[in-house]
Amino acid sequence: MKKQLLLAMAIIGLSFNLSAQTWNFSEVYPDAATVKVSHTTTTTVEGLTIYAEAGKAIDFDKSGKTFEDEKFTVRLKFGGTSAWDEAGETPLNRVISFPVSGNTTITVVGTHASSEGTPRTLMCTAGSKENVVGDFAFSPSVVDKATFNYEGDATTIYLFSAASGINLYKVSAIPAGEGGSTGIVDSSINKEVVSVEYYNAVGVRTNESTKGLNLVKSTMSDGSVTVEKVYIP
C-alpha cells in the first residue's frame, strides 16, 4: 500500500512545503456540500484552529461561487462578530487561526454574508486581537480576495469579522521566499524518502492511508519535508 501511494504521489508531482498552508474549504469539508457541518466547540483541522462555542458556531455548508476560474462548493460561515477574553489574547468564538514561522503572505477568498447592506470588515491580527496586520472590507454579495503581509517572528495569525457575518472559501499562508506557490517535484534530484507519516482529514495520525482524504507527510534524505493531499475512494 505504501509503495502504491508513493508511486501515486510521484505521478501527481505536486510537493507542498510543510510551512506553506492552504485551506480550500471545498476540499477540507467536501461532505458539507451535502450536509452542513457545524462546530460548536474549538477544534483544529489540518492545522487550522476553529474557535466556536454552543450558540456561537462556525458552520461549513453548501455554496456555489467562482473566483478567478476556481469553483467553490463549500463556505465557512463566521455567523457573526467574534468574541475574545477580556485581555484580547485568547479567542472564544467565531475566529480561525494558524501558526506561521515568520514573514508570511496571507490571502483570503471571501464575501459579505448578506446580499444587502454596507461592507463588512475581515480582520487579520498576529498574536492577539489588537496587533493588527491588516483589514479588508468585503462588499455585499461580491466574492473578492484579501491579501495581508505579516512581517515578524513566529506567531499565530487570527482571522475574524469585525462585525456581523462573513463567508470564507479559501485561506492561504505562503512564507516569504516561496514565491507564493508550491513547487514541482524535480525527479532529477537525488532524494530518497526516509519516513512517511499518514494523517486523516481532521489531522489525526493513522498507521496507513485510509478511505477519503489523507495527508501524507514524507521526510526526504536531505532533511526536506513534503506533504501531499491524497484522496482514496
# chains A, B, ... in the order shown; residues from 1 in each chain; ligands from 1
>>> residues_around(residues="Ser195 of chain A", least_positions_apart="4", cutoff="9 Å", atoms="only C-alpha atoms", output="list of chain:residue names")
A:Lys217, A:Ser218, A:Thr219, A:Met220, A:Ser221
>>> select_by_dssp(residues="segment 13-161 of chain A", states="strand (DSSP E or B)", output="PyMOL selection string")
chain A and resi 14-17+21-24+37-39+43-45+48-51+53+56+58-67+70-77+83-84+91-93+95-100+104-112+120-126+132-138+144-150+155-161
>>> select_by_dssp(residues="segment 2-218 of chain A", states="helix (DSSP H, G or I)", output="ChimeraX atom specification")
/A:2-12,25-28,30-33
>>> write_last_selection(atoms="N, CA and C atoms", output="PDB file, in the first residue's frame")
ATOM      1  N   LYS A   2       1.952   1.241   0.833  1.00  0.00           N
ATOM      2  CA  LYS A   2       2.823   2.400   0.916  1.00  0.00           C
ATOM      3  C   LYS A   2       3.504   2.665  -0.429  1.00  0.00           C
ATOM      4  N   LYS A   3       4.000   1.599  -1.084  1.00  0.00           N
ATOM      5  CA  LYS A   3       4.663   1.775  -2.371  1.00  0.00           C
ATOM      6  C   LYS A   3       3.694   2.324  -3.401  1.00  0.00           C
ATOM      7  N   GLN A   4       2.438   1.830  -3.376  1.00  0.00           N
ATOM      8  CA  GLN A   4       1.446   2.302  -4.339  1.00  0.00           C
ATOM      9  C   GLN A   4       1.155   3.777  -4.115  1.00  0.00           C
ATOM     10  N   LEU A   5       1.058   4.185  -2.844  1.00  0.00           N
ATOM     11  CA  LEU A   5       0.751   5.568  -2.544  1.00  0.00           C
ATOM     12  C   LEU A   5       1.894   6.487  -2.950  1.00  0.00           C
ATOM     13  N   LEU A   6       3.129   6.062  -2.683  1.00  0.00           N
ATOM     14  CA  LEU A   6       4.275   6.869  -3.071  1.00  0.00           C
ATOM     15  C   LEU A   6       4.373   7.002  -4.576  1.00  0.00           C
ATOM     16  N   LEU A   7       4.026   5.932  -5.301  1.00  0.00           N
ATOM     17  CA  LEU A   7       4.029   5.994  -6.757  1.00  0.00           C
ATOM     18  C   LEU A   7       2.986   6.984  -7.236  1.00  0.00           C
ATOM     19  N   ALA A   8       1.802   6.960  -6.604  1.00  0.00           N
ATOM     20  CA  ALA A   8       0.743   7.907  -6.980  1.00  0.00           C
ATOM     21  C   ALA A   8       1.190   9.334  -6.706  1.00  0.00           C
ATOM     22  N   MET A   9       1.897   9.536  -5.600  1.00  0.00           N
ATOM     23  CA  MET A   9       2.394  10.869  -5.276  1.00  0.00           C
ATOM     24  C   MET A   9       3.387  11.344  -6.330  1.00  0.00           C
ATOM     25  N   ALA A  10       4.250  10.446  -6.792  1.00  0.00           N
ATOM     26  CA  ALA A  10       5.241  10.826  -7.804  1.00  0.00           C
ATOM     27  C   ALA A  10       4.553  11.203  -9.105  1.00  0.00           C
ATOM     28  N   ILE A  11       3.490  10.483  -9.440  1.00  0.00           N
ATOM     29  CA  ILE A  11       2.763  10.778 -10.677  1.00  0.00           C
ATOM     30  C   ILE A  11       2.073  12.124 -10.571  1.00  0.00           C
ATOM     31  N   ILE A  12       1.463  12.379  -9.409  1.00  0.00           N
ATOM     32  CA  ILE A  12       0.801  13.658  -9.218  1.00  0.00           C
ATOM     33  C   ILE A  12       1.809  14.793  -9.354  1.00  0.00           C
ATOM     34  N   PHE A  25     -11.935  25.187   1.578  1.00  0.00           N
ATOM     35  CA  PHE A  25     -12.949  24.520   2.385  1.00  0.00           C
ATOM     36  C   PHE A  25     -13.804  23.548   1.578  1.00  0.00           C
ATOM     37  N   SER A  26     -13.777  23.679   0.261  1.00  0.00           N
ATOM     38  CA  SER A  26     -14.457  22.695  -0.584  1.00  0.00           C
ATOM     39  C   SER A  26     -13.729  21.359  -0.551  1.00  0.00           C
ATOM     40  N   GLU A  27     -12.411  21.405  -0.264  1.00  0.00           N
ATOM     41  CA  GLU A  27     -11.608  20.190  -0.170  1.00  0.00           C
ATOM     42  C   GLU A  27     -11.505  19.686   1.264  1.00  0.00           C
ATOM     43  N   VAL A  28     -11.415  20.609   2.215  1.00  0.00           N
ATOM     44  CA  VAL A  28     -11.307  20.219   3.619  1.00  0.00           C
ATOM     45  C   VAL A  28     -12.608  19.615   4.118  1.00  0.00           C
ATOM     46  N   PRO A  30     -15.521  18.400   2.041  1.00  0.00           N
ATOM     47  CA  PRO A  30     -16.298  18.120   0.822  1.00  0.00           C
ATOM     48  C   PRO A  30     -17.731  17.668   1.102  1.00  0.00           C
ATOM     49  N   ASP A  31     -17.947  16.928   2.199  1.00  0.00           N
ATOM     50  CA  ASP A  31     -19.286  16.427   2.502  1.00  0.00           C
ATOM     51  C   ASP A  31     -20.235  17.535   2.947  1.00  0.00           C
ATOM     52  N   ALA A  32     -19.686  18.694   3.333  1.00  0.00           N
ATOM     53  CA  ALA A  32     -20.533  19.802   3.768  1.00  0.00           C
ATOM     54  C   ALA A  32     -21.349  20.384   2.622  1.00  0.00           C
ATOM     55  N   ALA A  33     -20.991  20.051   1.388  1.00  0.00           N
ATOM     56  CA  ALA A  33     -21.790  20.475   0.237  1.00  0.00           C
ATOM     57  C   ALA A  33     -23.137  19.770   0.230  1.00  0.00           C
TER      58      ALA A  33
END
>>> residues_around(residues="segment 58-70 of chain A", least_positions_apart="2", cutoff="10 Å", atoms="only C-alpha atoms", output="JSON, numbers by chain")
{"A": [25, 26, 28, 29, 30, 31, 32, 33, 34, 35, 36, 37, 38, 39, 40, 41, 42, 50, 51, 52, 53, 54, 55, 56, 72, 73, 74, 75, 76, 77, 78, 79, 80, 93, 94, 95, 96, 109, 110, 111, 142, 143, 144, 145, 167, 168, 169]}
>>> write_last_selection(atoms="N, CA and C atoms", output="compact mmCIF listing (two decimals), in the first residue's frame")
# COMPACT_ATOMS: atom_id res chain seq x y z
N PHE A 25 -11.93 25.19 1.58
CA PHE A 25 -12.95 24.52 2.39
C PHE A 25 -13.80 23.55 1.58
N SER A 26 -13.78 23.68 0.26
CA SER A 26 -14.46 22.70 -0.58
C SER A 26 -13.73 21.36 -0.55
N VAL A 28 -11.41 20.61 2.22
CA VAL A 28 -11.31 20.22 3.62
C VAL A 28 -12.61 19.61 4.12
N TYR A 29 -13.75 20.16 3.68
CA TYR A 29 -15.06 19.69 4.10
C TYR A 29 -15.93 19.35 2.88
N PRO A 30 -15.52 18.40 2.04
CA PRO A 30 -16.30 18.12 0.82
C PRO A 30 -17.73 17.67 1.10
N ASP A 31 -17.95 16.93 2.20
CA ASP A 31 -19.29 16.43 2.50
C ASP A 31 -20.23 17.53 2.95
N ALA A 32 -19.69 18.69 3.33
CA ALA A 32 -20.53 19.80 3.77
C ALA A 32 -21.35 20.38 2.62
N ALA A 33 -20.99 20.05 1.39
CA ALA A 33 -21.79 20.47 0.24
C ALA A 33 -23.14 19.77 0.23
N THR A 34 -23.24 18.67 0.98
CA THR A 34 -24.50 17.92 1.07
C THR A 34 -25.15 18.08 2.44
N VAL A 35 -24.34 17.94 3.50
CA VAL A 35 -24.84 18.05 4.87
C VAL A 35 -23.98 19.06 5.63
N LYS A 36 -24.60 20.07 6.18
CA LYS A 36 -23.88 21.12 6.90
C LYS A 36 -23.07 20.56 8.07
N VAL A 37 -21.85 21.07 8.21
CA VAL A 37 -21.00 20.73 9.36
C VAL A 37 -20.97 21.94 10.27
N SER A 38 -21.32 21.76 11.53
CA SER A 38 -21.38 22.87 12.47
C SER A 38 -20.46 22.59 13.65
N HIS A 39 -19.46 23.47 13.87
CA HIS A 39 -18.56 23.34 15.00
C HIS A 39 -19.09 24.20 16.16
N THR A 40 -19.33 23.57 17.29
CA THR A 40 -19.81 24.28 18.48
C THR A 40 -18.79 24.23 19.62
N THR A 41 -17.64 23.65 19.36
CA THR A 41 -16.51 23.67 20.29
C THR A 41 -15.25 23.94 19.48
N THR A 42 -14.23 24.41 20.14
CA THR A 42 -12.98 24.72 19.45
C THR A 42 -12.31 23.43 18.99
N ILE A 50 -10.29 26.32 14.77
CA ILE A 50 -11.61 26.93 14.62
C ILE A 50 -12.18 27.15 16.01
N TYR A 51 -12.33 28.41 16.40
CA TYR A 51 -12.84 28.74 17.73
C TYR A 51 -14.35 28.89 17.66
N ALA A 52 -15.05 28.07 18.46
CA ALA A 52 -16.51 28.08 18.45
C ALA A 52 -17.05 27.65 19.81
N GLU A 53 -18.27 28.04 20.08
CA GLU A 53 -18.96 27.66 21.31
C GLU A 53 -20.41 27.36 20.97
N ALA A 54 -21.10 26.72 21.89
CA ALA A 54 -22.53 26.47 21.70
C ALA A 54 -23.25 27.81 21.54
N GLY A 55 -24.06 27.91 20.50
CA GLY A 55 -24.77 29.15 20.22
C GLY A 55 -23.93 30.15 19.45
N LYS A 56 -22.64 29.90 19.32
CA LYS A 56 -21.73 30.77 18.56
C LYS A 56 -20.90 29.88 17.63
N PHE A 72 -15.98 26.95 -6.05
CA PHE A 72 -16.09 26.55 -4.65
C PHE A 72 -17.48 25.99 -4.39
N THR A 73 -17.54 24.91 -3.64
CA THR A 73 -18.82 24.27 -3.32
C THR A 73 -19.16 24.35 -1.84
N VAL A 74 -18.18 24.76 -1.02
CA VAL A 74 -18.39 24.84 0.43
C VAL A 74 -17.83 26.17 0.95
N ARG A 75 -18.52 26.76 1.89
CA ARG A 75 -18.06 28.00 2.50
C ARG A 75 -17.96 27.86 4.02
N LEU A 76 -17.07 28.63 4.62
CA LEU A 76 -17.02 28.78 6.07
C LEU A 76 -17.86 30.00 6.42
N LYS A 77 -18.74 29.85 7.41
CA LYS A 77 -19.60 30.96 7.84
C LYS A 77 -19.25 31.35 9.27
N PHE A 78 -18.72 32.58 9.43
CA PHE A 78 -18.45 33.06 10.78
C PHE A 78 -19.75 33.23 11.57
N GLY A 79 -20.80 33.66 10.90
CA GLY A 79 -22.11 33.77 11.54
C GLY A 79 -22.29 34.97 12.44
N GLY A 80 -21.27 35.80 12.58
CA GLY A 80 -21.41 36.97 13.43
C GLY A 80 -20.06 37.50 13.89
N ASN A 93 -14.84 32.57 20.34
CA ASN A 93 -15.66 32.00 19.26
C ASN A 93 -15.60 32.88 18.01
N ARG A 94 -16.00 32.26 16.89
CA ARG A 94 -16.07 32.93 15.59
C ARG A 94 -14.74 33.55 15.17
N VAL A 95 -13.68 32.78 15.39
CA VAL A 95 -12.33 33.16 14.98
C VAL A 95 -11.64 31.91 14.43
N ILE A 96 -10.79 32.06 13.44
CA ILE A 96 -9.93 30.96 13.00
C ILE A 96 -8.48 31.42 13.11
N VAL A 109 -10.01 34.29 0.25
CA VAL A 109 -11.11 34.48 -0.70
C VAL A 109 -12.40 34.42 0.09
N GLY A 110 -13.21 35.46 -0.01
CA GLY A 110 -14.44 35.51 0.78
C GLY A 110 -15.46 36.45 0.21
N THR A 111 -16.52 36.64 0.97
CA THR A 111 -17.59 37.55 0.55
C THR A 111 -18.39 38.01 1.75
N VAL A 142 -20.31 40.14 -3.20
CA VAL A 142 -19.20 40.16 -4.15
C VAL A 142 -18.07 39.30 -3.61
N VAL A 143 -17.68 38.25 -4.36
CA VAL A 143 -16.55 37.43 -3.96
C VAL A 143 -15.27 38.17 -4.31
N ASP A 144 -14.35 38.26 -3.34
CA ASP A 144 -13.14 39.04 -3.55
C ASP A 144 -11.98 38.35 -2.82
N LYS A 145 -10.76 38.85 -3.04
CA LYS A 145 -9.58 38.29 -2.38
C LYS A 145 -8.87 39.36 -1.56
N ASN A 167 -18.37 35.21 4.92
CA ASN A 167 -18.14 33.85 4.44
C ASN A 167 -16.76 33.76 3.81
N LEU A 168 -16.04 32.68 4.11
CA LEU A 168 -14.73 32.44 3.51
C LEU A 168 -14.75 31.16 2.70
N TYR A 169 -14.00 31.15 1.59
CA TYR A 169 -13.92 29.99 0.72
C TYR A 169 -12.54 29.35 0.71
>>> closest_residue(among="A:Ser114, A:Thr210, A:Ser97, A:Thr105", to="Thr155 of chain A", atoms="only C-alpha atoms")
A:Ser97
>>> atom_distance(atom1="atom CA of Asp135 of chain A", atom2="atom CA of Ala20 of chain A")
21.6 Å
>>> residues_around(residues="Tyr198 of chain A", least_positions_apart="4", cutoff="6 Å", atoms="only C-alpha atoms", output="PyMOL selection string")
chain A and resi 205-206+208+215-216
>>> write_last_selection(atoms="N, CA and C atoms", output="mmCIF file, in the first residue's frame")
data_model
loop_
_atom_site.group_PDB
_atom_site.id
_atom_site.type_symbol
_atom_site.label_atom_id
_atom_site.label_comp_id
_atom_site.auth_asym_id
_atom_site.auth_seq_id
_atom_site.Cartn_x
_atom_site.Cartn_y
_atom_site.Cartn_z
ATOM 1 N N ARG A 205 -3.209 11.307 13.306
ATOM 2 C CA ARG A 205 -2.251 10.400 12.679
ATOM 3 C C ARG A 205 -2.808 8.981 12.625
ATOM 4 N N THR A 206 -2.594 8.310 11.491
ATOM 5 C CA THR A 206 -3.049 6.935 11.304
ATOM 6 C C THR A 206 -1.859 6.060 10.929
ATOM 7 N N GLU A 208 -1.744 3.914 8.416
ATOM 8 C CA GLU A 208 -1.621 3.853 6.960
ATOM 9 C C GLU A 208 -2.712 4.700 6.352
ATOM 10 N N LEU A 215 -3.579 13.065 4.446
ATOM 11 C CA LEU A 215 -2.418 13.933 4.385
ATOM 12 C C LEU A 215 -1.194 13.042 4.581
ATOM 13 N N VAL A 216 -0.302 13.043 3.625
ATOM 14 C CA VAL A 216 0.860 12.156 3.662
ATOM 15 C C VAL A 216 2.114 13.011 3.777
#
